[in-house]
>>> print(open('target_20.pdb').read())   # PDB, C-alpha atoms
ATOM      1  CA  ASP A   1      11.178   1.746  29.021
ATOM      2  CA  MET A   2      10.811  -1.762  30.460
ATOM      3  CA  ARG A   3       7.416  -2.246  32.051
ATOM      4  CA  SER A   4       6.338  -5.089  34.301
ATOM      5  CA  GLY A   5       3.070  -6.766  33.277
ATOM      6  CA  ARG A   6       1.802  -6.249  36.796
ATOM      7  CA  ASN A   7       2.866  -2.627  37.107
ATOM      8  CA  LEU A   8       1.727  -1.131  33.815
ATOM      9  CA  ASP A   9       0.423   2.338  34.470
ATOM     10  CA  GLY A  10      -3.316   2.843  34.135
ATOM     11  CA  PRO A  11      -3.169   5.532  31.429
ATOM     12  CA  PHE A  12      -1.006   3.288  29.198
ATOM     13  CA  ILE A  13      -3.435   0.355  29.455
ATOM     14  CA  GLU A  14      -6.362   2.728  28.980
ATOM     15  CA  HIS A  15      -4.784   4.059  25.781
ATOM     16  CA  VAL A  16      -4.410   0.551  24.311
ATOM     17  CA  TYR A  17      -7.894  -0.411  25.535
ATOM     18  CA  LYS A  18      -9.585   2.626  23.976
ATOM     19  CA  ASN A  19      -7.928   1.938  20.622
ATOM     20  CA  THR A  20      -8.798  -1.765  20.555
ATOM     21  CA  LYS A  21     -12.176  -1.902  22.321
ATOM     22  CA  PRO A  22     -14.218  -1.058  19.179
ATOM     23  CA  SER A  23     -12.933  -4.274  17.576
ATOM     24  CA  VAL A  24     -14.013  -6.577  20.418
ATOM     25  CA  VAL A  25     -17.491  -8.118  20.478
ATOM     26  CA  ARG A  26     -19.544 -10.055  22.990
ATOM     27  CA  ILE A  27     -21.119 -13.304  21.821
ATOM     28  CA  THR A  28     -24.296 -14.940  23.136
ATOM     29  CA  THR A  29     -25.354 -18.366  21.879
ATOM     30  CA  HIS A  30     -28.469 -20.475  22.307
ATOM     31  CA  SER A  31     -28.389 -24.231  21.984
ATOM     32  CA  MET A  32     -30.656 -27.150  22.824
ATOM     33  CA  VAL A  33     -29.364 -29.442  25.562
ATOM     34  CA  LYS A  34     -30.766 -32.378  27.486
ATOM     35  CA  ASP A  35     -32.949 -31.262  30.396
ATOM     36  CA  ASP A  36     -31.224 -32.431  33.578
ATOM     37  CA  LYS A  37     -33.990 -31.597  36.064
ATOM     38  CA  PRO A  38     -34.909 -34.546  38.326
ATOM     39  CA  ASP A  39     -38.463 -34.654  36.959
ATOM     40  CA  ALA A  40     -37.424 -34.408  33.284
ATOM     41  CA  LYS A  41     -38.605 -37.153  30.963
ATOM     42  CA  PRO A  42     -36.155 -38.947  28.659
ATOM     43  CA  GLY A  43     -35.625 -36.803  25.588
ATOM     44  CA  ASP A  44     -36.735 -33.571  27.272
ATOM     45  CA  MET A  45     -34.664 -30.652  26.030
ATOM     46  CA  LYS A  46     -34.083 -27.119  27.256
ATOM     47  CA  ILE A  47     -32.520 -23.975  25.837
ATOM     48  CA  GLN A  48     -29.051 -23.176  27.122
ATOM     49  CA  GLU A  49     -27.613 -19.677  26.873
ATOM     50  CA  SER A  50     -23.825 -19.317  26.787
ATOM     51  CA  PHE A  51     -21.453 -16.382  26.543
ATOM     52  CA  GLY A  52     -18.129 -15.743  24.910
ATOM     53  CA  SER A  53     -16.052 -13.127  23.173
ATOM     54  CA  GLY A  54     -14.794 -12.417  19.684
ATOM     55  CA  PHE A  55     -13.196  -9.763  17.540
ATOM     56  CA  ILE A  56     -13.759  -8.162  14.162
ATOM     57  CA  ILE A  57     -11.177  -9.263  11.593
ATOM     58  CA  ASP A  58     -12.596  -7.571   8.498
ATOM     59  CA  LYS A  59     -14.777  -4.497   7.979
ATOM     60  CA  ALA A  60     -17.065  -6.625   5.768
ATOM     61  CA  GLY A  61     -18.375  -8.194   8.998
ATOM     62  CA  TYR A  62     -16.139 -11.201   9.646
ATOM     63  CA  VAL A  63     -15.648 -12.052  13.300
ATOM     64  CA  ALA A  64     -13.186 -14.527  14.865
ATOM     65  CA  THR A  65     -13.897 -16.518  18.026
ATOM     66  CA  ASN A  66     -13.268 -19.960  19.473
ATOM     67  CA  ARG A  67     -15.046 -22.926  17.912
ATOM     68  CA  HIS A  68     -16.120 -24.116  21.363
ATOM     69  CA  VAL A  69     -17.916 -20.790  21.953
ATOM     70  CA  ILE A  70     -20.374 -21.412  19.100
ATOM     71  CA  LYS A  71     -20.382 -25.230  19.020
ATOM     72  CA  ASN A  72     -23.907 -26.716  18.720
ATOM     73  CA  ALA A  73     -25.524 -23.245  18.762
ATOM     74  CA  TYR A  74     -28.705 -22.756  16.744
ATOM     75  CA  GLU A  75     -28.529 -18.999  17.298
ATOM     76  CA  ILE A  76     -25.469 -16.744  17.576
ATOM     77  CA  ILE A  77     -25.832 -13.102  18.591
ATOM     78  CA  VAL A  78     -22.877 -10.740  18.285
ATOM     79  CA  ARG A  79     -23.121  -7.609  20.410
ATOM     80  CA  LEU A  80     -21.039  -4.785  19.013
ATOM     81  CA  ASN A  81     -19.081  -2.330  21.127
ATOM     82  CA  ASP A  82     -22.007   0.129  21.104
ATOM     83  CA  GLY A  83     -24.302  -2.607  22.456
ATOM     84  CA  SER A  84     -26.083  -3.321  19.166
ATOM     85  CA  PRO A  85     -27.073  -6.992  18.818
ATOM     86  CA  VAL A  86     -26.582  -8.555  15.377
ATOM     87  CA  ARG A  87     -27.379 -12.128  14.336
ATOM     88  CA  ALA A  88     -24.334 -13.983  13.080
ATOM     89  CA  LYS A  89     -23.906 -17.010  10.881
ATOM     90  CA  LEU A  90     -21.105 -19.521  11.097
ATOM     91  CA  ILE A  91     -18.831 -19.342   8.059
ATOM     92  CA  GLY A  92     -16.430 -22.077   9.131
ATOM     93  CA  HIS A  93     -14.220 -23.486  11.846
ATOM     94  CA  GLY A  94     -10.752 -24.921  12.141
ATOM     95  CA  GLY A  95     -11.641 -28.556  12.750
ATOM     96  CA  ASP A  96      -9.079 -29.607  15.359
ATOM     97  CA  ILE A  97      -8.061 -25.983  15.872
ATOM     98  CA  ASP A  98     -10.353 -24.162  18.299
ATOM     99  CA  LEU A  99     -11.126 -21.235  15.992
ATOM    100  CA  ALA A 100     -14.252 -20.189  14.125
ATOM    101  CA  VAL A 101     -15.209 -17.397  11.726
ATOM    102  CA  LEU A 102     -18.634 -15.758  11.879
ATOM    103  CA  LYS A 103     -20.280 -13.256   9.527
ATOM    104  CA  ILE A 104     -22.524 -10.385  10.565
ATOM    105  CA  ASP A 105     -24.419  -8.023   8.284
ATOM    106  CA  THR A 106     -24.736  -4.493   9.601
ATOM    107  CA  ASN A 107     -24.633  -0.970   8.226
ATOM    108  CA  LYS A 108     -22.555   0.146  11.199
ATOM    109  CA  LYS A 109     -18.901   0.994  10.605
ATOM    110  CA  LEU A 110     -16.766  -1.879  11.865
ATOM    111  CA  THR A 111     -13.199  -1.574  13.128
ATOM    112  CA  PRO A 112     -11.088  -4.668  12.403
ATOM    113  CA  VAL A 113      -8.134  -5.591  14.590
ATOM    114  CA  LYS A 114      -4.527  -5.438  13.449
ATOM    115  CA  PHE A 115      -2.354  -8.522  13.827
ATOM    116  CA  SER A 116       1.195  -8.824  15.096
ATOM    117  CA  ALA A 117       3.720 -11.107  13.413
ATOM    118  CA  SER A 118       4.637 -14.141  15.510
ATOM    119  CA  GLU A 119       8.339 -13.350  15.130
ATOM    120  CA  ASP A 120       7.721 -10.121  17.053
ATOM    121  CA  LEU A 121       6.747 -12.051  20.221
ATOM    122  CA  SER A 122       9.155 -12.335  23.140
ATOM    123  CA  LEU A 123       8.842 -13.896  26.559
ATOM    124  CA  GLY A 124       8.010 -11.255  29.125
ATOM    125  CA  ASP A 125       6.117  -9.020  26.670
ATOM    126  CA  ASP A 126       3.319  -7.020  28.276
ATOM    127  CA  ILE A 127      -0.146  -7.999  27.047
ATOM    128  CA  ILE A 128      -3.759  -7.122  27.670
ATOM    129  CA  VAL A 129      -6.794  -9.383  27.384
ATOM    130  CA  ILE A 130     -10.211  -8.001  26.473
ATOM    131  CA  GLY A 131     -13.299 -10.153  26.814
ATOM    132  CA  ASN A 132     -16.766 -10.759  28.189
ATOM    133  CA  PRO A 133     -16.276 -12.816  31.368
ATOM    134  CA  PHE A 134     -19.425 -14.448  32.724
ATOM    135  CA  GLY A 135     -21.503 -12.503  30.180
ATOM    136  CA  LEU A 136     -21.304  -9.424  32.423
ATOM    137  CA  GLY A 137     -19.804  -7.012  29.896
ATOM    138  CA  THR A 138     -16.447  -6.038  28.480
ATOM    139  CA  THR A 139     -13.432  -6.104  30.780
ATOM    140  CA  VAL A 140      -9.681  -5.715  30.388
ATOM    141  CA  THR A 141      -6.908  -7.486  32.298
ATOM    142  CA  SER A 142      -3.158  -7.245  31.897
ATOM    143  CA  GLY A 143      -0.189  -9.542  32.313
ATOM    144  CA  ILE A 144       2.878 -10.822  30.558
ATOM    145  CA  LEU A 145       3.596 -13.426  27.916
ATOM    146  CA  SER A 146       5.001 -16.079  30.231
ATOM    147  CA  ALA A 147       5.555 -19.036  27.853
ATOM    148  CA  MET A 148       5.331 -19.871  24.161
ATOM    149  CA  ASN A 149       4.692 -23.042  22.120
ATOM    150  CA  ARG A 150       2.838 -24.837  24.917
ATOM    151  CA  ASP A 151       1.431 -28.254  23.944
ATOM    152  CA  LEU A 152      -1.715 -28.970  25.983
ATOM    153  CA  GLY A 153      -2.625 -32.111  24.050
ATOM    154  CA  PHE A 154      -5.735 -30.585  22.456
ATOM    155  CA  SER A 155      -4.649 -31.376  18.897
ATOM    156  CA  MET A 156      -1.613 -32.143  16.777
ATOM    157  CA  PHE A 157      -1.343 -28.408  16.052
ATOM    158  CA  ASP A 158      -0.917 -27.196  19.655
ATOM    159  CA  SER A 159       1.330 -24.170  20.013
ATOM    160  CA  PHE A 160      -0.290 -22.142  22.765
ATOM    161  CA  LEU A 161       0.879 -18.889  24.304
ATOM    162  CA  GLN A 162       0.712 -18.745  28.087
ATOM    163  CA  THR A 163      -0.054 -15.569  30.001
ATOM    164  CA  ASP A 164      -0.550 -14.725  33.650
ATOM    165  CA  ALA A 165      -3.403 -12.301  32.886
ATOM    166  CA  PRO A 166      -6.624 -13.372  34.640
ATOM    167  CA  ILE A 167      -8.937 -15.090  32.146
ATOM    168  CA  ASN A 168     -12.425 -16.220  33.137
ATOM    169  CA  HIS A 169     -15.260 -18.192  31.591
ATOM    170  CA  GLY A 170     -16.691 -15.950  28.870
ATOM    171  CA  ASN A 171     -13.314 -14.544  27.819
ATOM    172  CA  SER A 172     -13.023 -17.455  25.370
ATOM    173  CA  GLY A 173     -12.692 -16.245  21.805
ATOM    174  CA  GLY A 174     -11.547 -12.786  22.813
ATOM    175  CA  PRO A 175      -8.305 -11.219  21.622
ATOM    176  CA  ILE A 176      -4.987 -10.919  23.414
ATOM    177  CA  PHE A 177      -3.210  -7.691  22.430
ATOM    178  CA  ASN A 178       0.371  -6.554  22.689
ATOM    179  CA  MET A 179       1.101  -3.021  23.840
ATOM    180  CA  LYS A 180       1.021  -1.776  20.247
ATOM    181  CA  GLY A 181      -2.659  -2.749  20.143
ATOM    182  CA  LYS A 182      -2.086  -5.694  17.794
ATOM    183  CA  VAL A 183      -3.557  -9.171  18.272
ATOM    184  CA  ILE A 184      -1.045 -11.837  19.260
ATOM    185  CA  GLY A 185      -3.492 -14.585  20.202
ATOM    186  CA  VAL A 186      -6.975 -15.696  21.207
ATOM    187  CA  SER A 187      -8.128 -16.534  24.736
ATOM    188  CA  THR A 188      -8.831 -20.246  24.473
ATOM    189  CA  ALA A 189      -8.340 -22.065  27.771
ATOM    190  CA  TYR A 190      -7.306 -21.548  31.324
ATOM    191  CA  TYR A 191      -5.410 -24.205  33.161
ATOM    192  CA  THR A 192      -5.536 -24.919  36.864
ATOM    193  CA  GLY A 193      -3.277 -27.574  38.263
TER
END
>>> encode(input="target_20.pdb", output="structure tokens")
Amino acid sequence: DMRSGRNLDGPFIEHVYKNTKPSVVRITTHSMVKDDKPDAKPGDMKIQESFGSGFIIDKAGYVATNRHVIKNAYEIIVRLNDGSPVRAKLIGHGGDIDLAVLKIDTNKKLTPVKFSASEDLSLGDDIIVIGNPFGLGTTVTSGILSAMNRDLGFSMFDSFLQTDAPINHGNSGGPIFNMKGKVIGVSTAYYTG
């Protein structure tokens, strides 16, 4: 049954979404940035709130996201699928690779994602993206895997997947799933030419 990324039937996407949604989290960060108001004095700072996405990778409370989502944050809040906010701490990040691992402590049962092997990827595969665009809540979009091994010049390790699924600010750090409900990648950047 060959399915077009644009014509996937609603019940099929809903099935994948329902099975993967418990693993996806919303991330809110607070950081101190230079106050850019016209009447600000040199050195004046303000609190900036930013939003992103992430996903549970281990039931012990480990969460993956993009490094740029949590960069310079003094506070990281992970909101679980049921809406519960949990403070997170940064465990580490990938240096030149735009990935980070967070840790949350909660007594709630966590559902980690399953990962797909890279050799199982093929151009034209149907995918779905789950994230938290604009901090408005969890959404799902669909598309196809339209290119592999893209080098965007971010680092010497570039090997990006390209998809035509709509990705907005706030989706960063969220998972990209294949139609078996397994993670094939992380929403990292969108490119407009």
>>> closest_residue(input="target_20.pdb", among="A:Gly124, A:Gly181, A:Pro85, A:Gly170", to="Leu136 of chain A", atoms="only C-alpha atoms")
A:Gly170
>>> atom_distance(input="target_20.pdb", atom1="atom CA of Ser172 of chain A", atom2="atom CA of Lys37 of chain A")
27.5 Å
>>> residues_around(input="target_20.pdb", residues="Ile56 of chain A", least_positions_apart="4", cutoff="9 Å", atoms="all atoms listed in the file", output="list in words")
Pro22, Ser23, Val24, Val25, Gly61, Tyr62, Val63, Ala64, Leu110, Thr111, Pro112 and Val113 of chain A
>>> atom_distance(input="target_20.pdb", atom1="atom CA of Val78 of chain A", atom2="atom CA of Ile27 of chain A")
4.7 Å
>>> resolve_selection(input="target_20.pdb", expression="the PyMOL selection byres ((chain A and resi 65) around 6)", output="VMD selection string")
chain A and resid 54 64 66 99 to 100 173
>>> resolve_selection(input="target_20.pdb", expression="the PyMOL selection byres ((chain A and resi 91) around 8)", output="PyMOL selection string")
chain A and resi 89-90+92-93+100-103
>>> write_last_selection(input="target_20.pdb", atoms="C-alpha atoms", output="PDB file, in the frame of the given file")
ATOM      1  CA  LYS A  89     -23.906 -17.010  10.881  1.00  0.00           C
ATOM      2  CA  LEU A  90     -21.105 -19.521  11.097  1.00  0.00           C
ATOM      3  CA  GLY A  92     -16.430 -22.077   9.131  1.00  0.00           C
ATOM      4  CA  HIS A  93     -14.220 -23.486  11.846  1.00  0.00           C
ATOM      5  CA  ALA A 100     -14.252 -20.189  14.125  1.00  0.00           C
ATOM      6  CA  VAL A 101     -15.209 -17.397  11.726  1.00  0.00           C
ATOM      7  CA  LEU A 102     -18.634 -15.758  11.879  1.00  0.00           C
ATOM      8  CA  LYS A 103     -20.280 -13.256   9.527  1.00  0.00           C
TER       9      LYS A 103
END
>>> atom_distance(input="target_20.pdb", atom1="atom CA of Ala165 of chain A", atom2="atom CA of Lys182 of chain A")
16.5 Å
>>> residues_around(input="target_20.pdb", residues="Glu14 of chain A", least_positions_apart="5", cutoff="12 Å", atoms="only C-alpha atoms", output="number ranges by chain")
A: 8-9, 19-21, 128, 130, 139-142, 179, 181
>>> closest_residue(input="target_20.pdb", among="A:Lys108, A:Asp35, A:His15, A:Gln162", to="Ser122 of chain A", atoms="all atoms listed in the file")
A:Gln162
>>> closest_residue(input="target_20.pdb", among="A:Ile57, A:Ile76, A:Met148, A:Ile13", to="Ser31 of chain A", atoms="all atoms listed in the file")
A:Ile76
